[in-house]
>>> print(open('work-v3.cif').read())   # mmCIF, C-alpha atoms, pLDDT in the B column; chains and numbers go by the auth columns
data_protein
#
loop_
_atom_site.group_PDB
_atom_site.id
_atom_site.type_symbol
_atom_site.label_atom_id
_atom_site.label_comp_id
_atom_site.label_asym_id
_atom_site.label_seq_id
_atom_site.Cartn_x
_atom_site.Cartn_y
_atom_site.Cartn_z
_atom_site.B_iso_or_equiv
_atom_site.auth_seq_id
_atom_site.auth_asym_id
ATOM 1 C CA MET A 1 -193.914 224.069 182.068 41.00 24 L
ATOM 2 C CA PRO A 2 -190.948 222.459 183.814 46.00 25 L
ATOM 3 C CA LEU A 3 -191.506 220.847 187.166 49.00 26 L
ATOM 4 C CA TRP A 4 -189.253 221.901 190.014 48.00 27 L
ATOM 5 C CA THR A 5 -188.408 219.392 192.732 48.00 28 L
ATOM 6 C CA ILE A 6 -188.224 220.583 196.305 46.00 29 L
ATOM 7 C CA ARG A 7 -185.184 219.393 198.223 44.00 30 L
ATOM 8 C CA HIS A 8 -186.354 217.492 201.303 41.00 31 L
ATOM 9 C CA GLN A 9 -186.056 219.682 204.389 39.00 32 L
ATOM 10 C CA SER A 10 -188.180 219.817 207.502 34.00 33 L
ATOM 11 C CA ILE A 11 -190.176 223.011 207.938 34.00 34 L
ATOM 12 C CA ALA A 12 -189.155 222.937 211.591 36.00 35 L
ATOM 13 C CA SER A 13 -185.513 223.234 210.571 35.00 36 L
ATOM 14 C CA PHE A 14 -185.992 226.794 209.313 38.00 37 L
ATOM 15 C CA GLN A 15 -184.422 229.172 211.791 43.00 38 L
ATOM 16 C CA THR A 16 -186.523 231.982 213.221 49.00 39 L
ATOM 17 C CA LEU A 17 -186.070 234.957 210.949 52.00 40 L
ATOM 18 C CA PRO A 18 -184.370 238.019 212.478 51.00 41 L
ATOM 19 C CA LYS A 19 -186.935 240.655 213.395 51.00 42 L
ATOM 20 C CA HIS A 20 -184.675 243.464 212.180 48.00 43 L
ATOM 21 C CA LEU A 21 -185.048 242.008 208.674 48.00 44 L
ATOM 22 C CA ILE A 22 -188.796 241.454 208.829 46.00 45 L
ATOM 23 C CA ARG A 23 -190.266 244.818 209.736 47.00 46 L
ATOM 24 C CA LYS A 24 -192.397 247.393 208.010 47.00 47 L
ATOM 25 C CA MET A 25 -190.293 249.542 205.747 44.00 48 L
ATOM 26 C CA ASP A 26 -190.742 253.216 206.654 44.00 49 L
ATOM 27 C CA PHE A 27 -191.223 254.797 203.236 51.00 50 L
ATOM 28 C CA ASP A 28 -194.239 257.019 203.821 57.00 51 L
ATOM 29 C CA MET A 29 -194.773 258.138 200.240 72.00 52 L
ATOM 30 C CA LEU A 30 -193.992 254.838 198.523 85.00 53 L
ATOM 31 C CA GLY A 31 -196.259 251.975 197.573 88.00 54 L
ATOM 32 C CA THR A 32 -196.551 249.007 195.237 91.00 55 L
ATOM 33 C CA VAL A 33 -199.353 248.932 192.681 94.00 56 L
ATOM 34 C CA GLN A 34 -200.085 246.802 189.648 95.00 57 L
ATOM 35 C CA LEU A 35 -198.433 248.057 186.472 97.00 58 L
ATOM 36 C CA ASN A 36 -200.572 250.478 184.455 96.00 59 L
ATOM 37 C CA LYS A 37 -199.109 251.268 181.054 93.00 60 L
ATOM 38 C CA GLN A 38 -201.258 254.389 180.802 94.00 61 L
ATOM 39 C CA LEU A 39 -199.766 255.813 183.996 94.00 62 L
ATOM 40 C CA HIS A 40 -196.316 254.342 184.594 97.00 63 L
ATOM 41 C CA ASN A 41 -193.335 255.396 182.487 96.00 64 L
ATOM 42 C CA ARG A 42 -191.863 252.020 181.540 96.00 65 L
ATOM 43 C CA ASN A 43 -189.397 253.339 178.952 95.00 66 L
ATOM 44 C CA ASP A 44 -187.435 255.468 181.431 95.00 67 L
ATOM 45 C CA PHE A 45 -186.789 252.552 183.784 97.00 68 L
ATOM 46 C CA ASP A 46 -183.150 251.408 183.773 97.00 69 L
ATOM 47 C CA CYS A 47 -181.868 248.785 186.185 96.00 70 L
ATOM 48 C CA GLY A 48 -178.691 248.236 184.208 95.00 71 L
ATOM 49 C CA VAL A 49 -179.866 244.887 182.783 94.00 72 L
ATOM 50 C CA ASP A 50 -181.193 245.173 179.229 97.00 73 L
ATOM 51 C CA ALA A 51 -183.320 242.029 179.422 95.00 74 L
ATOM 52 C CA LEU A 52 -185.205 243.315 182.473 96.00 75 L
ATOM 53 C CA ASN A 53 -185.586 246.814 181.039 97.00 76 L
ATOM 54 C CA ASN A 54 -186.924 245.363 177.802 97.00 77 L
ATOM 55 C CA TYR A 55 -189.367 243.067 179.579 97.00 78 L
ATOM 56 C CA LEU A 56 -190.858 245.937 181.588 97.00 79 L
ATOM 57 C CA ALA A 57 -191.037 248.274 178.600 97.00 80 L
ATOM 58 C CA LYS A 58 -192.386 245.853 175.991 96.00 81 L
ATOM 59 C CA HIS A 59 -193.804 242.682 177.510 97.00 82 L
ATOM 60 C CA ALA A 60 -194.945 243.071 181.114 97.00 83 L
ATOM 61 C CA SER A 61 -198.224 244.816 180.365 96.00 84 L
ATOM 62 C CA SER A 62 -199.294 242.428 177.589 95.00 85 L
ATOM 63 C CA SER A 63 -198.348 239.445 179.748 95.00 86 L
ATOM 64 C CA ASP A 64 -200.561 240.827 182.515 95.00 87 L
ATOM 65 C CA GLN A 65 -203.440 241.377 180.097 94.00 88 L
ATOM 66 C CA ARG A 66 -203.214 237.762 178.927 94.00 89 L
ATOM 67 C CA SER A 67 -203.346 236.577 182.562 93.00 90 L
ATOM 68 C CA LEU A 68 -199.907 234.983 182.320 94.00 91 L
ATOM 69 C CA THR A 69 -198.307 237.120 185.031 96.00 92 L
ATOM 70 C CA LYS A 70 -198.879 240.078 187.302 96.00 93 L
ATOM 71 C CA THR A 71 -196.308 242.866 187.458 97.00 94 L
ATOM 72 C CA PHE A 72 -196.243 245.307 190.359 97.00 95 L
ATOM 73 C CA VAL A 73 -194.275 248.554 190.478 96.00 96 L
ATOM 74 C CA LEU A 74 -192.868 250.552 193.369 95.00 97 L
ATOM 75 C CA VAL A 75 -193.723 254.236 192.980 94.00 98 L
ATOM 76 C CA ASP A 76 -193.696 257.520 194.874 90.00 99 L
ATOM 77 C CA SER A 77 -197.191 258.955 195.293 87.00 100 L
ATOM 78 C CA GLU A 78 -195.859 262.404 194.418 87.00 101 L
ATOM 79 C CA GLN A 79 -194.383 261.094 191.143 90.00 102 L
ATOM 80 C CA PRO A 80 -196.564 258.061 190.358 92.00 103 L
ATOM 81 C CA GLU A 81 -195.343 257.830 186.766 95.00 104 L
ATOM 82 C CA LYS A 82 -191.737 257.163 187.870 95.00 105 L
ATOM 83 C CA ILE A 83 -191.004 253.466 188.425 96.00 106 L
ATOM 84 C CA ILE A 84 -188.511 252.890 191.243 95.00 107 L
ATOM 85 C CA GLY A 85 -188.621 249.108 190.951 97.00 108 L
ATOM 86 C CA PHE A 86 -190.814 246.243 189.842 97.00 109 L
ATOM 87 C CA TYR A 87 -191.468 242.563 190.329 97.00 110 L
ATOM 88 C CA THR A 88 -193.402 239.982 188.344 97.00 111 L
ATOM 89 C CA LEU A 89 -195.277 237.025 189.828 96.00 112 L
ATOM 90 C CA ALA A 90 -196.547 233.944 188.023 95.00 113 L
ATOM 91 C CA TYR A 91 -198.046 230.610 188.980 93.00 114 L
ATOM 92 C CA THR A 92 -195.870 227.549 188.490 91.00 115 L
ATOM 93 C CA THR A 93 -195.937 223.813 189.260 88.00 116 L
ATOM 94 C CA VAL A 94 -193.558 221.824 191.434 80.00 117 L
ATOM 95 C CA SER A 95 -193.016 218.105 191.814 71.00 118 L
ATOM 96 C CA VAL A 96 -192.725 217.115 195.460 66.00 119 L
ATOM 97 C CA PRO A 97 -190.550 214.109 196.353 43.00 120 L
ATOM 98 C CA ASP A 98 -191.648 211.373 198.730 44.00 121 L
ATOM 99 C CA GLY A 99 -191.128 212.236 202.366 44.00 122 L
ATOM 100 C CA HIS A 100 -191.466 215.989 202.052 54.00 123 L
ATOM 101 C CA PRO A 101 -193.200 217.401 205.148 63.00 124 L
ATOM 102 C CA ARG A 102 -196.975 217.942 204.860 66.00 125 L
ATOM 103 C CA LEU A 103 -197.026 216.594 201.291 67.00 126 L
ATOM 104 C CA THR A 104 -195.813 213.040 201.723 66.00 127 L
ATOM 105 C CA GLN A 105 -199.043 211.535 200.379 68.00 128 L
ATOM 106 C CA TYR A 106 -199.691 214.118 197.672 70.00 129 L
ATOM 107 C CA PRO A 107 -199.391 212.352 194.296 70.00 130 L
ATOM 108 C CA HIS A 108 -199.664 215.333 191.947 78.00 131 L
ATOM 109 C CA PRO A 109 -197.523 218.344 190.984 82.00 132 L
ATOM 110 C CA ALA A 110 -198.152 221.095 193.521 83.00 133 L
ATOM 111 C CA PRO A 111 -199.035 224.739 192.788 89.00 134 L
ATOM 112 C CA ALA A 112 -196.662 227.531 193.753 91.00 135 L
ATOM 113 C CA LEU A 113 -195.903 231.180 193.032 94.00 136 L
ATOM 114 C CA LYS A 114 -192.768 232.161 191.158 95.00 137 L
ATOM 115 C CA LEU A 115 -190.988 235.484 191.542 96.00 138 L
ATOM 116 C CA ALA A 116 -190.163 235.641 187.854 95.00 139 L
ATOM 117 C CA ARG A 117 -188.437 239.031 187.764 95.00 140 L
ATOM 118 C CA MET A 118 -187.438 241.759 190.190 96.00 141 L
ATOM 119 C CA ALA A 119 -185.344 244.878 189.598 95.00 142 L
ATOM 120 C CA ILE A 120 -184.624 248.340 190.985 96.00 143 L
ATOM 121 C CA ASP A 121 -183.817 251.371 188.837 96.00 144 L
ATOM 122 C CA LYS A 122 -180.083 252.038 189.116 95.00 145 L
ATOM 123 C CA HIS A 123 -180.754 255.578 190.315 93.00 146 L
ATOM 124 C CA PHE A 124 -182.419 254.129 193.421 92.00 147 L
ATOM 125 C CA LYS A 125 -179.915 251.441 194.361 90.00 148 L
ATOM 126 C CA ASN A 126 -178.701 250.991 197.948 88.00 149 L
ATOM 127 C CA HIS A 127 -181.900 252.266 199.567 88.00 150 L
ATOM 128 C CA ARG A 128 -183.355 248.869 200.557 89.00 151 L
ATOM 129 C CA PHE A 129 -186.046 249.094 197.887 92.00 152 L
ATOM 130 C CA GLY A 130 -185.237 245.550 196.770 92.00 153 L
ATOM 131 C CA GLU A 131 -185.934 244.412 200.319 91.00 154 L
ATOM 132 C CA GLN A 132 -189.271 246.211 200.279 90.00 155 L
ATOM 133 C CA LEU A 133 -190.274 244.516 197.022 94.00 156 L
ATOM 134 C CA LEU A 134 -189.274 241.075 198.278 95.00 157 L
ATOM 135 C CA LEU A 135 -191.290 241.534 201.467 92.00 158 L
ATOM 136 C CA GLU A 136 -194.280 242.539 199.364 92.00 159 L
ATOM 137 C CA CYS A 137 -193.883 239.352 197.285 94.00 160 L
ATOM 138 C CA ILE A 138 -193.780 237.260 200.436 94.00 161 L
ATOM 139 C CA ARG A 139 -196.817 239.047 201.880 92.00 162 L
ATOM 140 C CA LYS A 140 -198.808 238.472 198.685 92.00 163 L
ATOM 141 C CA THR A 141 -197.861 234.792 198.753 93.00 164 L
ATOM 142 C CA ALA A 142 -199.089 234.513 202.338 92.00 165 L
ATOM 143 C CA LEU A 143 -202.440 235.962 201.267 90.00 166 L
ATOM 144 C CA SER A 144 -203.059 232.796 199.241 88.00 167 L
ATOM 145 C CA THR A 145 -203.992 231.047 202.505 87.00 168 L
ATOM 146 C CA GLN A 146 -206.995 233.285 203.077 85.00 169 L
ATOM 147 C CA SER A 147 -210.367 231.623 202.693 80.00 170 L
ATOM 148 C CA ASP A 148 -211.550 233.954 199.931 82.00 171 L
ATOM 149 C CA ASN A 149 -208.477 233.354 197.764 79.00 172 L
ATOM 150 C CA PRO A 150 -209.422 231.233 194.720 79.00 173 L
ATOM 151 C CA ALA A 151 -206.218 229.141 194.715 80.00 174 L
ATOM 152 C CA ALA A 152 -203.649 227.907 197.208 85.00 175 L
ATOM 153 C CA VAL A 153 -199.882 227.590 196.780 90.00 176 L
ATOM 154 C CA ILE A 154 -197.196 225.757 198.739 87.00 177 L
ATOM 155 C CA GLY A 155 -194.760 228.671 198.687 89.00 178 L
ATOM 156 C CA LEU A 156 -192.723 231.165 196.700 93.00 179 L
ATOM 157 C CA PHE A 157 -189.976 230.207 194.222 90.00 180 L
ATOM 158 C CA VAL A 158 -187.283 232.419 192.739 91.00 181 L
ATOM 159 C CA ASP A 159 -184.387 232.088 190.333 83.00 182 L
ATOM 160 C CA ALA A 160 -181.316 233.059 192.348 82.00 183 L
ATOM 161 C CA LYS A 161 -178.979 234.960 190.087 81.00 184 L
ATOM 162 C CA GLU A 162 -175.274 234.596 190.716 77.00 185 L
ATOM 163 C CA GLY A 163 -174.164 236.488 193.805 80.00 186 L
ATOM 164 C CA VAL A 164 -177.626 237.216 195.234 85.00 187 L
ATOM 165 C CA ALA A 165 -178.684 233.872 196.740 85.00 188 L
ATOM 166 C CA ASP A 166 -177.650 234.973 200.226 88.00 189 L
ATOM 167 C CA PHE A 167 -180.021 237.942 199.995 89.00 190 L
ATOM 168 C CA TYR A 168 -182.948 235.552 199.604 90.00 191 L
ATOM 169 C CA LYS A 169 -181.632 233.087 202.170 87.00 192 L
ATOM 170 C CA ASN A 170 -181.718 235.883 204.770 87.00 193 L
ATOM 171 C CA TYR A 171 -185.493 235.618 204.504 85.00 194 L
ATOM 172 C CA GLY A 172 -185.694 231.860 204.877 85.00 195 L
ATOM 173 C CA PHE A 173 -185.402 230.730 201.257 87.00 196 L
ATOM 174 C CA THR A 174 -183.852 227.303 200.843 83.00 197 L
ATOM 175 C CA GLU A 175 -182.267 225.591 197.851 80.00 198 L
ATOM 176 C CA VAL A 176 -184.256 223.618 195.306 75.00 199 L
ATOM 177 C CA ASP A 177 -183.130 220.749 193.072 64.00 200 L
ATOM 178 C CA CYS A 178 -183.909 221.392 189.415 56.00 201 L
ATOM 179 C CA GLU A 179 -182.833 219.767 186.177 54.00 202 L
ATOM 180 C CA THR A 180 -181.250 222.960 184.826 47.00 203 L
ATOM 181 C CA GLN A 181 -180.100 225.062 187.765 53.00 204 L
ATOM 182 C CA GLN A 182 -180.460 225.671 191.466 71.00 205 L
ATOM 183 C CA ARG A 183 -183.441 227.732 192.544 79.00 206 L
ATOM 184 C CA LEU A 184 -184.702 228.902 195.904 86.00 207 L
ATOM 185 C CA TYR A 185 -187.948 228.222 197.714 86.00 208 L
ATOM 186 C CA LEU A 186 -189.796 229.838 200.635 89.00 209 L
ATOM 187 C CA PRO A 187 -192.440 227.556 202.205 87.00 210 L
ATOM 188 C CA ILE A 188 -195.905 228.990 202.678 88.00 211 L
ATOM 189 C CA GLN A 189 -195.546 228.571 206.453 87.00 212 L
ATOM 190 C CA THR A 190 -192.518 230.868 206.388 88.00 213 L
ATOM 191 C CA CYS A 191 -194.346 233.350 204.134 91.00 214 L
ATOM 192 C CA ILE A 192 -197.081 233.534 206.756 91.00 215 L
ATOM 193 C CA GLN A 193 -194.496 234.010 209.511 87.00 216 L
ATOM 194 C CA VAL A 194 -192.877 236.852 207.620 86.00 217 L
ATOM 195 C CA ALA A 195 -196.227 238.512 206.885 87.00 218 L
ATOM 196 C CA LEU A 196 -197.232 238.356 210.556 87.00 219 L
ATOM 197 C CA MET A 197 -193.907 239.840 211.622 83.00 220 L
ATOM 198 C CA MET A 198 -194.391 242.660 209.108 80.00 221 L
ATOM 199 C CA GLU A 199 -197.836 243.382 210.517 78.00 222 L
ATOM 200 C CA SER A 200 -196.590 243.375 214.113 74.00 223 L
ATOM 201 C CA GLY A 201 -193.723 245.733 213.196 62.00 224 L
#
>>> encode(input="work-v3.cif", output="structure tokens")
Amino acid sequence: MPLWTIRHQSIASFQTLPKHLIRKMDFDMLGTVQLNKQLHNRNDFDCGVDALNNYLAKHASSSDQRSLTKTFVLVDSEQPEKIIGFYTLAYTTVSVPDGHPRLTQYPHPAPALKLARMAIDKHFKNHRFGEQLLLECIRKTALSTQSDNPAAVIGLFVDAKEGVADFYKNYGFTEVDCETQQRLYLPIQTCIQVALMMESG
């Protein structure tokens, strides 16, 4: 597993996130649940990207069963078989450079969560469902700080596809140095901030 290196940046330098971005999404009949191949129609999902469609249809469930990832789907309770969108989370490891806040004396690779995949069915584009999924990812990452969680993480990482980095940066993600490409990182402190703002409305 490749090690990602966090670009040095003080946690205090993150600007306060706009409250109009971090609020509960008002979709009364919608919810995110873990993928269930017996219930959810994976083959009808079409986000317009073959690789993502293929992953959901053929690989997501088996990857979950082997404890490699967890895939969650956004569904309507009145049509629970129809997948509106999905995201996949996985644990990863990051290498923290000297001088990084809170981890300056930590000599080992640090654990983190990776948003490995996220997509919305093309029939449901432009309804802020991607925003809802991202907020759910951030909320789940924040839950890692609870005392009954079996493992801690330092934050949430994501591959920023071309043209969408600003979407993630709106929520406090910052750039990461990596050997192969730039990636984005949301510190656990910011995940907690976002989760609290979601709860407070």
>>> resolve_selection(input="work-v3.cif", expression="the PyMOL selection byres ((chain L and resi 141-152) around 9)", output="list in words")
Met48, Phe68, Asp69, Cys70, Gly71, Val72, Leu75, Asn76, Leu97, Ile106, Ile107, Gly108, Phe109, Tyr110, Thr111, Leu138, Ala139, Arg140, Gly153, Glu154, Gln155, Leu156 and Leu157 of chain L
>>> residues_around(input="work-v3.cif", residues="Thr94 of chain L", least_positions_apart="4", cutoff="9 Å", atoms="all atoms listed in the file", output="MDAnalysis selection string")
chainID L and resid 56:58 79 83:84 86:87 109:113 140
>>> closest_residue(input="work-v3.cif", among="L:Met221, L:Cys160, L:Ala80, L:Met52", to="Lys93 of chain L", atoms="all atoms listed in the file")
L:Cys160
>>> closest_residue(input="work-v3.cif", among="L:Tyr78, L:Tyr208, L:Phe95, L:Phe196", to="Val176 of chain L", atoms="only C-alpha atoms")
L:Tyr208
>>> atom_distance(input="work-v3.cif", atom1="atom CA of Leu91 of chain L", atom2="atom CA of Tyr114 of chain L")
8.2 Å
>>> resolve_selection(input="work-v3.cif", expression="the PyMOL selection byres ((chain L and resi 179) around 7)", output="list in words")
Ala135, Leu136, Lys137, Leu138, Thr164, Gly178, Phe180, Val181, Tyr208, Leu209 and Pro210 of chain L
>>> closest_residue(input="work-v3.cif", among="L:Leu53, L:Glu222, L:Val187, L:Thr168", to="Ser100 of chain L", atoms="all atoms listed in the file")
L:Leu53
>>> atom_distance(input="work-v3.cif", atom1="atom CA of Pro134 of chain L", atom2="atom CA of Ser90 of chain L")
16.2 Å
>>> atom_distance(input="work-v3.cif", atom1="atom CA of Pro130 of chain L", atom2="atom CA of Val117 of chain L")
11.5 Å
>>> residues_around(input="work-v3.cif", residues="Ile215 of chain L", least_positions_apart="4", cutoff="7 Å", atoms="all atoms listed in the file", output="list in words")
Ala165, Ile211 and Leu219 of chain L
>>> closest_residue(input="work-v3.cif", among="L:Asn64, L:Asn77, L:Thr55, L:Ser118", to="Asp99 of chain L", atoms="all atoms listed in the file")
L:Thr55
>>> closest_residue(input="work-v3.cif", among="L:Gln88, L:Glu159, L:Ala183, L:Ala174", to="Glu198 of chain L", atoms="only C-alpha atoms")
L:Ala183
>>> axis_aligned_box(input="work-v3.cif", around="segment 147-153 of chain L", padding_each_side="3 Å", output="JSON")
{"center_x": -182.4, "center_y": 249.8, "center_z": 197.0, "size_x": 13.3, "size_y": 14.6, "size_z": 13.1}
>>> closest_residue(input="work-v3.cif", among="L:Gly54, L:Ile161, L:Arg206, L:His131", to="Glu185 of chain L", atoms="all atoms listed in the file")
L:Arg206
>>> decode(input="work-v3.cif", residues="segment 56-67 of chain L", atoms="N, CA, C and O atoms", output="tab-separated table (two decimals), in the first residue's frame")
chain	number	residue	atom	x	y	z
L	56	VAL	N	-27.29	3.61	3.32
L	56	VAL	CA	-27.19	2.31	3.98
L	56	VAL	C	-26.07	1.53	3.32
L	56	VAL	O	-25.67	1.83	2.19
L	57	GLN	N	-25.56	0.52	4.02
L	57	GLN	CA	-24.51	-0.29	3.42
L	57	GLN	C	-25.08	-1.11	2.27
L	57	GLN	O	-26.22	-1.61	2.32
L	58	LEU	N	-24.30	-1.27	1.23
L	58	LEU	CA	-24.72	-2.00	0.04
L	58	LEU	C	-25.16	-3.42	0.40
L	58	LEU	O	-24.46	-4.14	1.10
L	59	ASN	N	-26.31	-3.81	-0.16
L	59	ASN	CA	-26.85	-5.16	0.02
L	59	ASN	C	-27.19	-5.69	-1.37
L	59	ASN	O	-28.15	-5.25	-1.99
L	60	LYS	N	-26.40	-6.63	-1.85
L	60	LYS	CA	-26.59	-7.10	-3.22
L	60	LYS	C	-27.92	-7.83	-3.42
L	60	LYS	O	-28.39	-7.96	-4.55
L	61	GLN	N	-28.53	-8.28	-2.33
L	61	GLN	CA	-29.82	-8.94	-2.43
L	61	GLN	C	-30.95	-7.93	-2.59
L	61	GLN	O	-32.03	-8.26	-3.09
L	62	LEU	N	-30.72	-6.71	-2.19
L	62	LEU	CA	-31.76	-5.68	-2.21
L	62	LEU	C	-31.54	-4.62	-3.29
L	62	LEU	O	-32.47	-4.26	-4.02
L	63	HIS	N	-30.30	-4.14	-3.40
L	63	HIS	CA	-30.03	-2.99	-4.25
L	63	HIS	C	-29.69	-3.40	-5.68
L	63	HIS	O	-28.88	-4.31	-5.90
L	64	ASN	N	-30.31	-2.72	-6.63
L	64	ASN	CA	-30.13	-3.03	-8.05
L	64	ASN	C	-28.87	-2.35	-8.56
L	64	ASN	O	-28.90	-1.21	-9.02
L	65	ARG	N	-27.76	-3.08	-8.52
L	65	ARG	CA	-26.46	-2.51	-8.90
L	65	ARG	C	-26.31	-2.38	-10.42
L	65	ARG	O	-25.64	-1.49	-10.91
L	66	ASN	N	-26.96	-3.25	-11.17
L	66	ASN	CA	-26.77	-3.27	-12.62
L	66	ASN	C	-27.45	-2.11	-13.34
L	66	ASN	O	-27.06	-1.75	-14.45
L	67	ASP	N	-28.46	-1.51	-12.72
L	67	ASP	CA	-29.16	-0.39	-13.34
L	67	ASP	C	-28.48	0.95	-13.07
L	67	ASP	O	-28.85	1.96	-13.66
